[in-house]
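structure18.csv (CSV, C-alpha atoms)
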```csv
chain,number,residue,atom,x,y,z
C,1,MET,CA,26.5,-14.8,10.4
C,2,SER,CA,24.7,-16.1,7.3
C,3,ASN,CA,26.6,-15.9,4.0
C,4,TYR,CA,23.4,-14.6,2.3
C,5,THR,CA,22.6,-11.0,1.7
C,6,HIS,CA,19.6,-9.1,0.3
C,7,LYS,CA,21.1,-9.8,-3.2
C,8,THR,CA,21.8,-13.5,-2.8
C,9,ALA,CA,19.3,-14.9,-0.3
C,10,PRO,CA,17.3,-17.7,-2.0
C,11,THR,CA,13.5,-17.4,-2.3
C,12,GLN,CA,12.0,-20.1,-0.1
C,13,PHE,CA,8.4,-21.2,0.3
C,14,VAL,CA,6.3,-22.4,3.2
C,15,GLU,CA,2.6,-23.6,3.2
C,16,ALA,CA,0.2,-22.2,5.7
C,17,ALA,CA,-3.6,-21.4,5.7
C,18,GLY,CA,-3.8,-22.7,2.2
C,19,ILE,CA,-1.2,-20.2,0.9
C,20,ARG,CA,2.3,-20.9,-0.4
C,21,PHE,CA,4.2,-18.0,1.1
C,22,ALA,CA,7.4,-16.8,-0.6
C,23,TYR,CA,10.1,-15.5,1.8
C,24,ARG,CA,13.8,-14.9,2.2
C,25,ARG,CA,16.0,-15.0,5.4
C,26,PHE,CA,19.4,-13.6,5.8
C,27,GLY,CA,21.7,-11.8,8.2
C,28,ALA,CA,23.1,-12.8,11.6
C,29,LYS,CA,21.0,-15.7,12.9
C,30,ILE,CA,21.1,-14.7,16.5
C,31,ASP,CA,18.6,-13.3,19.0
C,32,ILE,CA,15.2,-12.1,17.6
C,33,PRO,CA,14.6,-11.8,13.9
C,34,LEU,CA,13.2,-8.6,12.3
C,35,LEU,CA,10.1,-9.2,10.1
C,36,PHE,CA,9.5,-6.6,7.3
C,37,PHE,CA,5.9,-5.7,6.2
C,38,MET,CA,5.9,-4.3,2.7
C,39,HIS,CA,4.4,-1.0,1.4
C,40,PHE,CA,1.6,-0.6,-1.2
C,41,THR,CA,2.0,-2.9,-4.2
C,42,GLY,CA,5.6,-3.8,-3.2
C,43,THR,CA,7.4,-7.1,-3.3
C,44,MET,CA,10.5,-8.4,-1.5
C,45,ASP,CA,12.7,-6.8,-4.1
C,46,HIS,CA,11.3,-3.3,-3.4
C,47,TRP,CA,13.1,-3.1,0.0
C,48,ASP,CA,16.3,-1.1,-0.1
C,49,PRO,CA,19.3,-3.4,0.3
C,50,ALA,CA,21.0,-0.6,2.2
C,51,VAL,CA,18.3,-0.9,4.9
C,52,THR,CA,17.9,-4.7,4.9
C,53,ASP,CA,21.6,-5.5,4.7
C,54,GLY,CA,22.3,-2.8,7.3
C,55,PHE,CA,20.0,-4.6,9.8
C,56,GLY,CA,21.4,-7.9,8.7
C,57,GLN,CA,24.8,-7.0,10.1
C,58,ASP,CA,23.8,-7.9,13.6
C,59,ARG,CA,20.4,-9.7,13.3
C,60,GLU,CA,18.4,-11.9,11.1
C,61,VAL,CA,16.1,-10.3,8.6
C,62,ILE,CA,12.9,-12.0,7.2
C,63,LEU,CA,11.2,-10.6,4.1
C,64,PHE,CA,8.0,-12.1,2.7
C,65,ASN,CA,5.2,-11.6,0.3
C,66,ASN,CA,1.8,-11.9,1.9
C,67,ALA,CA,-1.0,-13.8,0.2
C,68,GLY,CA,-1.6,-13.0,-3.5
C,69,VAL,CA,1.4,-10.7,-3.8
C,70,SER,CA,4.1,-11.5,-6.5
C,71,SER,CA,5.5,-15.0,-5.9
C,72,SER,CA,3.1,-16.0,-3.1
C,73,SER,CA,0.0,-17.9,-4.0
C,74,GLY,CA,-3.7,-17.0,-3.3
C,75,GLU,CA,-5.6,-13.8,-3.5
C,76,VAL,CA,-4.8,-10.4,-1.9
C,77,PRO,CA,-7.3,-9.9,1.0
C,78,THR,CA,-9.5,-6.8,1.0
C,79,SER,CA,-9.1,-6.2,4.7
C,80,ILE,CA,-6.1,-5.4,6.9
C,81,GLU,CA,-7.4,-7.9,9.5
C,82,GLU,CA,-7.2,-10.8,7.1
C,83,MET,CA,-3.7,-9.7,5.9
C,84,ALA,CA,-2.5,-9.8,9.5
C,85,GLN,CA,-4.1,-13.2,10.1
C,86,GLN,CA,-2.2,-14.6,7.1
C,87,ALA,CA,1.1,-13.0,8.2
C,88,ALA,CA,0.6,-14.8,11.6
C,89,ALA,CA,-0.1,-18.1,9.8
C,90,PHE,CA,3.2,-17.6,7.8
C,91,ILE,CA,5.2,-16.9,11.0
C,92,ASP,CA,3.7,-19.8,12.8
C,93,ALA,CA,4.6,-22.1,9.9
C,94,LEU,CA,8.2,-20.9,10.2
C,95,GLY,CA,8.2,-21.8,13.8
C,96,VAL,CA,9.3,-18.3,15.0
C,97,LYS,CA,8.3,-17.7,18.6
C,98,LYS,CA,9.4,-14.1,19.0
C,99,LEU,CA,10.2,-11.3,16.6
C,100,ASP,CA,10.4,-7.5,16.0
C,101,ALA,CA,8.2,-6.2,13.3
C,102,LEU,CA,8.8,-3.3,10.9
C,103,GLY,CA,5.8,-2.0,8.9
C,104,PHE,CA,6.1,0.6,6.1
C,105,SER,CA,3.1,2.4,4.7
C,106,ILE,CA,0.2,-0.1,4.4
C,107,GLY,CA,2.6,-2.6,5.9
C,108,GLY,CA,2.4,-0.5,9.0
C,109,PHE,CA,-1.4,-1.1,9.2
C,110,VAL,CA,-0.8,-4.8,8.8
C,111,ALA,CA,2.1,-4.9,11.3
C,112,ARG,CA,0.0,-3.0,13.9
C,113,GLN,CA,-3.0,-5.4,13.5
C,114,PHE,CA,-0.6,-8.4,13.6
C,115,THR,CA,0.8,-7.1,16.9
C,116,VAL,CA,-2.7,-6.6,18.4
C,117,ASN,CA,-3.7,-10.1,17.3
C,118,ARG,CA,-0.5,-11.8,18.4
C,119,PRO,CA,1.2,-9.9,21.2
C,120,ASP,CA,2.9,-13.1,22.2
C,121,LEU,CA,5.0,-12.9,19.0
C,122,VAL,CA,6.0,-9.3,18.9
C,123,ARG,CA,8.7,-7.8,21.2
C,124,LYS,CA,9.0,-4.4,19.4
C,125,LEU,CA,7.0,-2.7,16.7
C,126,ILE,CA,8.5,-0.2,14.3
C,127,LEU,CA,6.2,1.9,12.2
C,128,VAL,CA,7.5,3.9,9.2
C,129,GLY,CA,5.6,6.2,6.9
C,130,THR,CA,2.2,5.0,8.0
C,131,GLY,CA,-0.7,6.3,10.0
C,132,PRO,CA,-3.5,5.6,12.5
C,133,ARG,CA,-6.6,3.6,12.0
C,134,SER,CA,-9.6,5.8,11.2
C,135,GLY,CA,-7.2,8.8,11.1
C,136,GLU,CA,-8.2,11.9,9.0
C,137,GLY,CA,-7.6,11.2,5.3
C,138,MET,CA,-6.6,7.6,5.9
C,139,ALA,CA,-9.5,6.0,3.9
C,140,SER,CA,-8.0,6.7,0.5
C,141,LEU,CA,-4.9,7.7,-1.3
C,142,THR,CA,-4.3,11.4,-1.4
C,143,PRO,CA,-4.9,13.1,-4.8
C,144,GLU,CA,-1.1,13.2,-5.2
C,145,GLY,CA,-0.9,9.5,-4.4
C,146,GLN,CA,-3.7,8.7,-6.9
C,147,ASP,CA,-1.8,10.7,-9.6
C,148,ILE,CA,1.5,8.9,-8.8
C,149,PHE,CA,0.1,5.4,-8.8
C,150,GLY,CA,-2.3,6.0,-11.7
C,151,ALA,CA,0.5,7.1,-14.1
C,152,LYS,CA,2.5,4.8,-16.4
C,153,TYR,CA,6.2,4.4,-16.0
C,154,ASP,CA,8.9,2.8,-18.2
C,155,PRO,CA,10.6,1.1,-16.5
C,156,ALA,CA,7.9,0.4,-14.0
C,157,ASP,CA,10.0,0.9,-10.9
C,158,GLU,CA,10.4,4.6,-11.6
C,159,VAL,CA,7.1,5.1,-9.9
C,160,TRP,CA,9.2,5.1,-6.7
C,161,LEU,CA,11.1,8.2,-7.8
C,162,ARG,CA,7.8,10.1,-7.5
C,163,ALA,CA,6.4,8.2,-4.5
C,164,PHE,CA,9.4,8.4,-2.2
C,165,PHE,CA,11.4,11.5,-3.5
C,166,THR,CA,10.7,15.1,-4.2
C,167,PRO,CA,11.1,16.7,-7.7
C,168,SER,CA,14.3,18.5,-6.6
C,169,GLU,CA,17.5,17.6,-8.5
C,170,ARG,CA,19.2,16.4,-5.3
C,171,SER,CA,16.3,14.3,-4.2
C,172,GLN,CA,15.9,12.7,-7.6
C,173,ALA,CA,19.6,11.9,-7.7
C,174,ALA,CA,19.2,10.1,-4.3
C,175,GLY,CA,16.2,8.3,-5.9
C,176,ARG,CA,18.3,7.1,-8.8
C,177,LYS,CA,20.9,5.7,-6.4
C,178,TYR,CA,18.0,4.0,-4.5
C,179,LEU,CA,16.8,2.4,-7.7
C,180,GLU,CA,20.3,1.2,-8.6
C,181,ARG,CA,20.5,-0.6,-5.2
C,182,GLN,CA,17.0,-2.0,-5.6
C,183,ARG,CA,18.0,-3.4,-9.0
C,184,THR,CA,21.2,-5.1,-7.8
C,185,ARG,CA,19.5,-8.5,-7.4
C,186,LYS,CA,19.5,-10.0,-10.9
C,187,VAL,CA,18.8,-13.6,-10.2
C,188,ASN,CA,15.5,-15.0,-8.9
C,189,ARG,CA,13.8,-11.6,-8.7
C,190,ASP,CA,10.2,-11.4,-7.7
C,191,PRO,CA,7.7,-10.8,-10.5
C,192,LEU,CA,5.6,-7.6,-10.2
C,193,PRO,CA,2.2,-8.0,-8.5
C,194,ASN,CA,-0.7,-8.8,-10.8
C,195,GLU,CA,-3.4,-6.4,-11.7
C,196,LYS,CA,-5.6,-7.6,-8.8
C,197,ALA,CA,-3.2,-6.6,-6.0
C,198,ALA,CA,-3.6,-2.8,-6.0
C,199,PRO,CA,-7.4,-2.7,-6.1
C,200,ALA,CA,-7.5,-5.3,-3.2
C,201,GLN,CA,-5.0,-3.3,-1.1
C,202,LEU,CA,-6.9,-0.1,-1.8
C,203,ALA,CA,-10.1,-1.7,-0.6
C,204,ALA,CA,-8.3,-2.8,2.6
C,205,LEU,CA,-7.0,0.7,3.0
C,206,GLN,CA,-10.5,2.2,2.7
C,207,LYS,CA,-11.9,-0.1,5.3
C,208,TRP,CA,-9.0,0.5,7.7
C,209,GLY,CA,-9.2,4.3,7.3
C,210,ALA,CA,-13.0,4.6,7.5
C,211,PRO,CA,-14.1,6.8,10.4
C,212,ALA,CA,-15.0,5.0,13.6
C,213,LYS,CA,-16.4,6.1,16.9
C,214,ASP,CA,-13.6,4.4,18.8
C,215,PRO,CA,-10.8,2.9,16.5
C,216,ARG,CA,-9.2,1.3,19.6
C,217,ASN,CA,-12.2,-0.9,20.1
C,218,ASP,CA,-12.4,-1.7,16.4
C,219,GLU,CA,-8.7,-2.6,16.3
C,220,ALA,CA,-9.1,-4.9,19.3
C,221,THR,CA,-11.9,-7.0,17.8
```
Same coordinates, now as structure tokens:
Amino acid sequence: MSNYTHKTAPTQFVEAAGIRFAYRRFGAKIDIPLLFFMHFTGTMDHWDPAVTDGFGQDREVILFNNAGVSSSSGEVPTSIEEMAQQAAAFIDALGVKKLDALGFSIGGFVARQFTVNRPDLVRKLILVGTGPRSGEGMASLTPEGQDIFGAKYDPADEVWLRAFFTPSERSQAAGRKYLERQRTRKVNRDPLPNEKAAPAQLAALQKWGAPAKDPRNDEAT
């Protein structure tokens, strides 16, 4: 078992495909690691420690920022395919030969394409809060999503109270506890993504969600 947790794992860096990828590894260093693919405009510090440390009790967890996000260098790609290619370059640079992948929201798109591209790497794929390629309504944020992410928040992380929780008193109370957990890491936190990240990710989402005659064929190319 590693002595590191979500709160204490150091941010490390590895060079691949011309990108300096930021990542953290912690948990039990046995068997096959679990690689997390982050949601829209999120960083390593936007994962819930209750989830990551929970998985870390009996397996290794790998968090990372893909190209152009927060503490990783480069530019955020405007296609899911390129994001998946960069994630594979990152994993190859770490020398990981087999993993399980968990993708949340837009991270689910990337994790799915990553698995299609590199089935040799992925044992299991877990998709959370995501959707199918070329599915109905997948080419853009919903009007509710546009309202949520277009608003201003102080502090900025309160956007997640609207994105992940309902307006009910009980749900908002759960959201406040989630934010408390998310804020527990005080040292070496990730900076927020720059202003280019969201537009690039939205462009990638639009391409991924655009109608296609046979999404399965598009996904395999």
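Interatomic distance, atom CA of Ala17 of chain C to atom CA of Ala89 of chain C: 6.3 Å.
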Using all atoms listed in the file, which protein or nucleic acid residues come within 10 Å of Gly18 of chain C? Drop anything in the same chain fewer than 4 positions from it, and give the result as a PyMOL selection string. chain C and resi 67+73-74+86+89
Which one is closest to Thr78 of chain C: C:Arg20, C:Val110, C:Ile30, C:Val96? Count all atoms listed in the file. C:Val110
Taking 6 positions as the minimum chain separation for residues in the same chain, which residues sit within 12 Å of Leu34 of chain C when counting all atoms listed in the file? Answer as a compact mmCIF listing (two decimals) with C-alpha atoms, in the coordinates of the input.
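Below is the file out.txt, written as the result:
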```txt
# COMPACT_ATOMS: atom_id res chain seq x y z
CA ARG C 24 13.80 -14.90 2.20
CA ARG C 25 16.00 -15.00 5.40
CA PHE C 26 19.40 -13.60 5.80
CA GLY C 27 21.70 -11.80 8.20
CA ALA C 28 23.10 -12.80 11.60
CA VAL C 51 18.30 -0.90 4.90
CA THR C 52 17.90 -4.70 4.90
CA ASP C 53 21.60 -5.50 4.70
CA GLY C 54 22.30 -2.80 7.30
CA PHE C 55 20.00 -4.60 9.80
CA GLY C 56 21.40 -7.90 8.70
CA GLN C 57 24.80 -7.00 10.10
CA ASP C 58 23.80 -7.90 13.60
CA ARG C 59 20.40 -9.70 13.30
CA GLU C 60 18.40 -11.90 11.10
CA VAL C 61 16.10 -10.30 8.60
CA ILE C 62 12.90 -12.00 7.20
CA LEU C 63 11.20 -10.60 4.10
CA PHE C 64 8.00 -12.10 2.70
CA ILE C 91 5.20 -16.90 11.00
CA VAL C 96 9.30 -18.30 15.00
CA LYS C 98 9.40 -14.10 19.00
CA LEU C 99 10.20 -11.30 16.60
CA ASP C 100 10.40 -7.50 16.00
CA ALA C 101 8.20 -6.20 13.30
CA LEU C 102 8.80 -3.30 10.90
CA GLY C 103 5.80 -2.00 8.90
CA ALA C 111 2.10 -4.90 11.30
CA LEU C 121 5.00 -12.90 19.00
CA VAL C 122 6.00 -9.30 18.90
CA ARG C 123 8.70 -7.80 21.20
CA LYS C 124 9.00 -4.40 19.40
CA LEU C 125 7.00 -2.70 16.70
CA ILE C 126 8.50 -0.20 14.30
```
What does the distance between atom CA of Pro33 of chain C and atom CA of Lys97 of chain C come to in Å, to one decimal place?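 Calculated distance between atom CA of Pro33 of chain C and atom CA of Lys97 of chain C is 9.8 Å.
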Taking all atoms listed in the file into account, which of C:Ile80, C:Phe114, C:Pro199, C:Leu94 comes nearest Glu15 of chain C?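 The shortest atom-to-atom distance to Glu15 of chain C comes from C:Leu94.
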Using all atoms listed in the file, which of C:Asp92, C:Met83, C:Gln206, C:Tyr178 sits nearest Met38 of chain C?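 That would be C:Met83, the residue with the smallest distance to Met38 of chain C.
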Please provide as JSON, numbers by chain all residues within 9 Å of Val187 of chain C, with the sequence filter that same-chain residues fewer than 2 positions apart are discarded (counting all atoms listed in the file). {"C": [7, 8, 185, 189]}
Nearest residue to Thr130 of chain C from the set C:Ser70, C:Thr11, C:Thr5, C:Ser105 (distances using all atoms listed in the file):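 Of C:Ser70, C:Thr11, C:Thr5, C:Ser105, the one nearest Thr130 of chain C, counting all atoms listed in the file, is C:Ser105.
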Closest of C:Gly68, C:Gly108, C:Gly150, C:Pro167 to Leu35 of chain C - atom-to-atom distances counting all atoms listed in the file: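 Closest residue, counting all atoms listed in the file: C:Gly108.
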Pick out the closest residue to Trp208 of chain C from this set: C:Thr184, C:Ser71, C:Ser79, C:Asn117. Count only C-alpha atoms. C:Ser79
At what distance in Å, to one decimal, does atom CA of Asp45 of chain C lie from atom CA of Ala173 of chain C? 20.3 Å
Expected file for segment 195-209 of chain C keeping all heavy atoms, as a PDB file, in the first residue's frame:
```
ATOM      1  N   GLU C 195      -8.434  29.968 -20.235  1.00  0.00           N
ATOM      2  CA  GLU C 195      -9.664  30.318 -20.952  1.00  0.00           C
ATOM      3  C   GLU C 195      -9.826  29.583 -22.278  1.00  0.00           C
ATOM      4  O   GLU C 195     -10.906  29.598 -22.882  1.00  0.00           O
ATOM      5  CB  GLU C 195      -9.701  31.828 -21.200  1.00  0.00           C
ATOM      6  CG  GLU C 195      -8.676  32.370 -22.194  1.00  0.00           C
ATOM      7  CD  GLU C 195      -7.280  32.519 -21.601  1.00  0.00           C
ATOM      8  OE1 GLU C 195      -7.106  32.232 -20.406  1.00  0.00           O
ATOM      9  OE2 GLU C 195      -6.364  32.933 -22.354  1.00  0.00           O
ATOM     10  N   LYS C 196      -8.769  28.912 -22.748  1.00  0.00           N
ATOM     11  CA  LYS C 196      -8.850  28.183 -24.018  1.00  0.00           C
ATOM     12  C   LYS C 196      -9.413  26.769 -23.856  1.00  0.00           C
ATOM     13  O   LYS C 196      -9.827  26.151 -24.841  1.00  0.00           O
ATOM     14  CB  LYS C 196      -7.461  28.088 -24.653  1.00  0.00           C
ATOM     15  CG  LYS C 196      -6.849  29.426 -25.034  1.00  0.00           C
ATOM     16  CD  LYS C 196      -5.461  29.227 -25.647  1.00  0.00           C
ATOM     17  CE  LYS C 196      -4.827  30.546 -26.034  1.00  0.00           C
ATOM     18  NZ  LYS C 196      -3.466  30.332 -26.622  1.00  0.00           N
ATOM     19  N   ALA C 197      -9.419  26.266 -22.631  1.00  0.00           N
ATOM     20  CA  ALA C 197      -9.781  24.864 -22.425  1.00  0.00           C
ATOM     21  C   ALA C 197     -11.241  24.582 -22.750  1.00  0.00           C
ATOM     22  O   ALA C 197     -11.556  23.639 -23.491  1.00  0.00           O
ATOM     23  CB  ALA C 197      -9.465  24.450 -20.991  1.00  0.00           C
ATOM     24  N   ALA C 198     -12.153  25.373 -22.196  1.00  0.00           N
ATOM     25  CA  ALA C 198     -13.581  25.104 -22.394  1.00  0.00           C
ATOM     26  C   ALA C 198     -13.989  25.191 -23.864  1.00  0.00           C
ATOM     27  O   ALA C 198     -14.684  24.290 -24.372  1.00  0.00           O
ATOM     28  CB  ALA C 198     -14.421  26.050 -21.540  1.00  0.00           C
ATOM     29  N   PRO C 199     -13.597  26.247 -24.617  1.00  0.00           N
ATOM     30  CA  PRO C 199     -13.980  26.290 -26.035  1.00  0.00           C
ATOM     31  C   PRO C 199     -13.434  25.105 -26.836  1.00  0.00           C
ATOM     32  O   PRO C 199     -14.131  24.568 -27.713  1.00  0.00           O
ATOM     33  CB  PRO C 199     -13.365  27.609 -26.523  1.00  0.00           C
ATOM     34  CG  PRO C 199     -13.273  28.455 -25.308  1.00  0.00           C
ATOM     35  CD  PRO C 199     -12.941  27.504 -24.197  1.00  0.00           C
ATOM     36  N   ALA C 200     -12.215  24.680 -26.541  1.00  0.00           N
ATOM     37  CA  ALA C 200     -11.643  23.539 -27.260  1.00  0.00           C
ATOM     38  C   ALA C 200     -12.405  22.259 -26.933  1.00  0.00           C
ATOM     39  O   ALA C 200     -12.696  21.443 -27.822  1.00  0.00           O
ATOM     40  CB  ALA C 200     -10.161  23.383 -26.908  1.00  0.00           C
ATOM     41  N   GLN C 201     -12.738  22.060 -25.660  1.00  0.00           N
ATOM     42  CA  GLN C 201     -13.488  20.869 -25.276  1.00  0.00           C
ATOM     43  C   GLN C 201     -14.896  20.892 -25.866  1.00  0.00           C
ATOM     44  O   GLN C 201     -15.427  19.848 -26.265  1.00  0.00           O
ATOM     45  CB  GLN C 201     -13.528  20.742 -23.754  1.00  0.00           C
ATOM     46  CG  GLN C 201     -12.170  20.389 -23.161  1.00  0.00           C
ATOM     47  CD  GLN C 201     -12.215  20.210 -21.653  1.00  0.00           C
ATOM     48  OE1 GLN C 201     -13.228  20.476 -20.999  1.00  0.00           O
ATOM     49  NE2 GLN C 201     -11.109  19.771 -21.072  1.00  0.00           N
ATOM     50  N   LEU C 202     -15.507  22.069 -25.941  1.00  0.00           N
ATOM     51  CA  LEU C 202     -16.828  22.173 -26.566  1.00  0.00           C
ATOM     52  C   LEU C 202     -16.763  21.841 -28.058  1.00  0.00           C
ATOM     53  O   LEU C 202     -17.660  21.177 -28.599  1.00  0.00           O
ATOM     54  CB  LEU C 202     -17.393  23.581 -26.373  1.00  0.00           C
ATOM     55  CG  LEU C 202     -17.959  23.894 -24.989  1.00  0.00           C
ATOM     56  CD1 LEU C 202     -18.327  25.363 -24.893  1.00  0.00           C
ATOM     57  CD2 LEU C 202     -19.173  23.025 -24.697  1.00  0.00           C
ATOM     58  N   ALA C 203     -15.703  22.287 -28.728  1.00  0.00           N
ATOM     59  CA  ALA C 203     -15.534  21.961 -30.150  1.00  0.00           C
ATOM     60  C   ALA C 203     -15.390  20.455 -30.338  1.00  0.00           C
ATOM     61  O   ALA C 203     -15.962  19.866 -31.269  1.00  0.00           O
ATOM     62  CB  ALA C 203     -14.312  22.687 -30.710  1.00  0.00           C
ATOM     63  N   ALA C 204     -14.651  19.814 -29.438  1.00  0.00           N
ATOM     64  CA  ALA C 204     -14.486  18.361 -29.504  1.00  0.00           C
ATOM     65  C   ALA C 204     -15.821  17.661 -29.266  1.00  0.00           C
ATOM     66  O   ALA C 204     -16.158  16.683 -29.943  1.00  0.00           O
ATOM     67  CB  ALA C 204     -13.454  17.907 -28.474  1.00  0.00           C
ATOM     68  N   LEU C 205     -16.580  18.163 -28.309  1.00  0.00           N
ATOM     69  CA  LEU C 205     -17.900  17.600 -28.011  1.00  0.00           C
ATOM     70  C   LEU C 205     -18.819  17.704 -29.219  1.00  0.00           C
ATOM     71  O   LEU C 205     -19.554  16.756 -29.548  1.00  0.00           O
ATOM     72  CB  LEU C 205     -18.496  18.337 -26.811  1.00  0.00           C
ATOM     73  CG  LEU C 205     -19.835  17.868 -26.236  1.00  0.00           C
ATOM     74  CD1 LEU C 205     -19.900  18.217 -24.748  1.00  0.00           C
ATOM     75  CD2 LEU C 205     -21.007  18.525 -26.952  1.00  0.00           C
ATOM     76  N   GLN C 206     -18.798  18.846 -29.899  1.00  0.00           N
ATOM     77  CA  GLN C 206     -19.665  19.042 -31.061  1.00  0.00           C
ATOM     78  C   GLN C 206     -19.336  18.066 -32.185  1.00  0.00           C
ATOM     79  O   GLN C 206     -20.229  17.501 -32.820  1.00  0.00           O
ATOM     80  CB  GLN C 206     -19.543  20.493 -31.545  1.00  0.00           C
ATOM     81  CG  GLN C 206     -20.174  21.502 -30.599  1.00  0.00           C
ATOM     82  CD  GLN C 206     -19.775  22.934 -30.893  1.00  0.00           C
ATOM     83  OE1 GLN C 206     -18.954  23.197 -31.779  1.00  0.00           O
ATOM     84  NE2 GLN C 206     -20.334  23.882 -30.161  1.00  0.00           N
ATOM     85  N   LYS C 207     -18.058  17.834 -32.416  1.00  0.00           N
ATOM     86  CA  LYS C 207     -17.656  16.889 -33.459  1.00  0.00           C
ATOM     87  C   LYS C 207     -18.053  15.472 -33.082  1.00  0.00           C
ATOM     88  O   LYS C 207     -18.535  14.701 -33.907  1.00  0.00           O
ATOM     89  CB  LYS C 207     -16.148  16.972 -33.696  1.00  0.00           C
ATOM     90  CG  LYS C 207     -15.672  18.281 -34.277  1.00  0.00           C
ATOM     91  CD  LYS C 207     -14.153  18.334 -34.320  1.00  0.00           C
ATOM     92  CE  LYS C 207     -13.642  19.695 -34.778  1.00  0.00           C
ATOM     93  NZ  LYS C 207     -12.160  19.788 -34.711  1.00  0.00           N
ATOM     94  N   TRP C 208     -17.834  15.120 -31.839  1.00  0.00           N
ATOM     95  CA  TRP C 208     -18.145  13.774 -31.353  1.00  0.00           C
ATOM     96  C   TRP C 208     -19.646  13.491 -31.428  1.00  0.00           C
ATOM     97  O   TRP C 208     -20.081  12.408 -31.799  1.00  0.00           O
ATOM     98  CB  TRP C 208     -17.665  13.636 -29.916  1.00  0.00           C
ATOM     99  CG  TRP C 208     -17.985  12.328 -29.249  1.00  0.00           C
ATOM    100  CD1 TRP C 208     -19.059  12.064 -28.455  1.00  0.00           C
ATOM    101  CD2 TRP C 208     -17.215  11.131 -29.306  1.00  0.00           C
ATOM    102  NE1 TRP C 208     -19.005  10.774 -28.013  1.00  0.00           N
ATOM    103  CE2 TRP C 208     -17.887  10.174 -28.510  1.00  0.00           C
ATOM    104  CE3 TRP C 208     -16.027  10.770 -29.927  1.00  0.00           C
ATOM    105  CZ2 TRP C 208     -17.398   8.884 -28.328  1.00  0.00           C
ATOM    106  CZ3 TRP C 208     -15.541   9.481 -29.747  1.00  0.00           C
ATOM    107  CH2 TRP C 208     -16.226   8.558 -28.965  1.00  0.00           C
ATOM    108  N   GLY C 209     -20.434  14.495 -31.068  1.00  0.00           N
ATOM    109  CA  GLY C 209     -21.878  14.300 -31.000  1.00  0.00           C
ATOM    110  C   GLY C 209     -22.623  14.521 -32.295  1.00  0.00           C
ATOM    111  O   GLY C 209     -23.830  14.256 -32.367  1.00  0.00           O
TER     112      GLY C 209
END
```
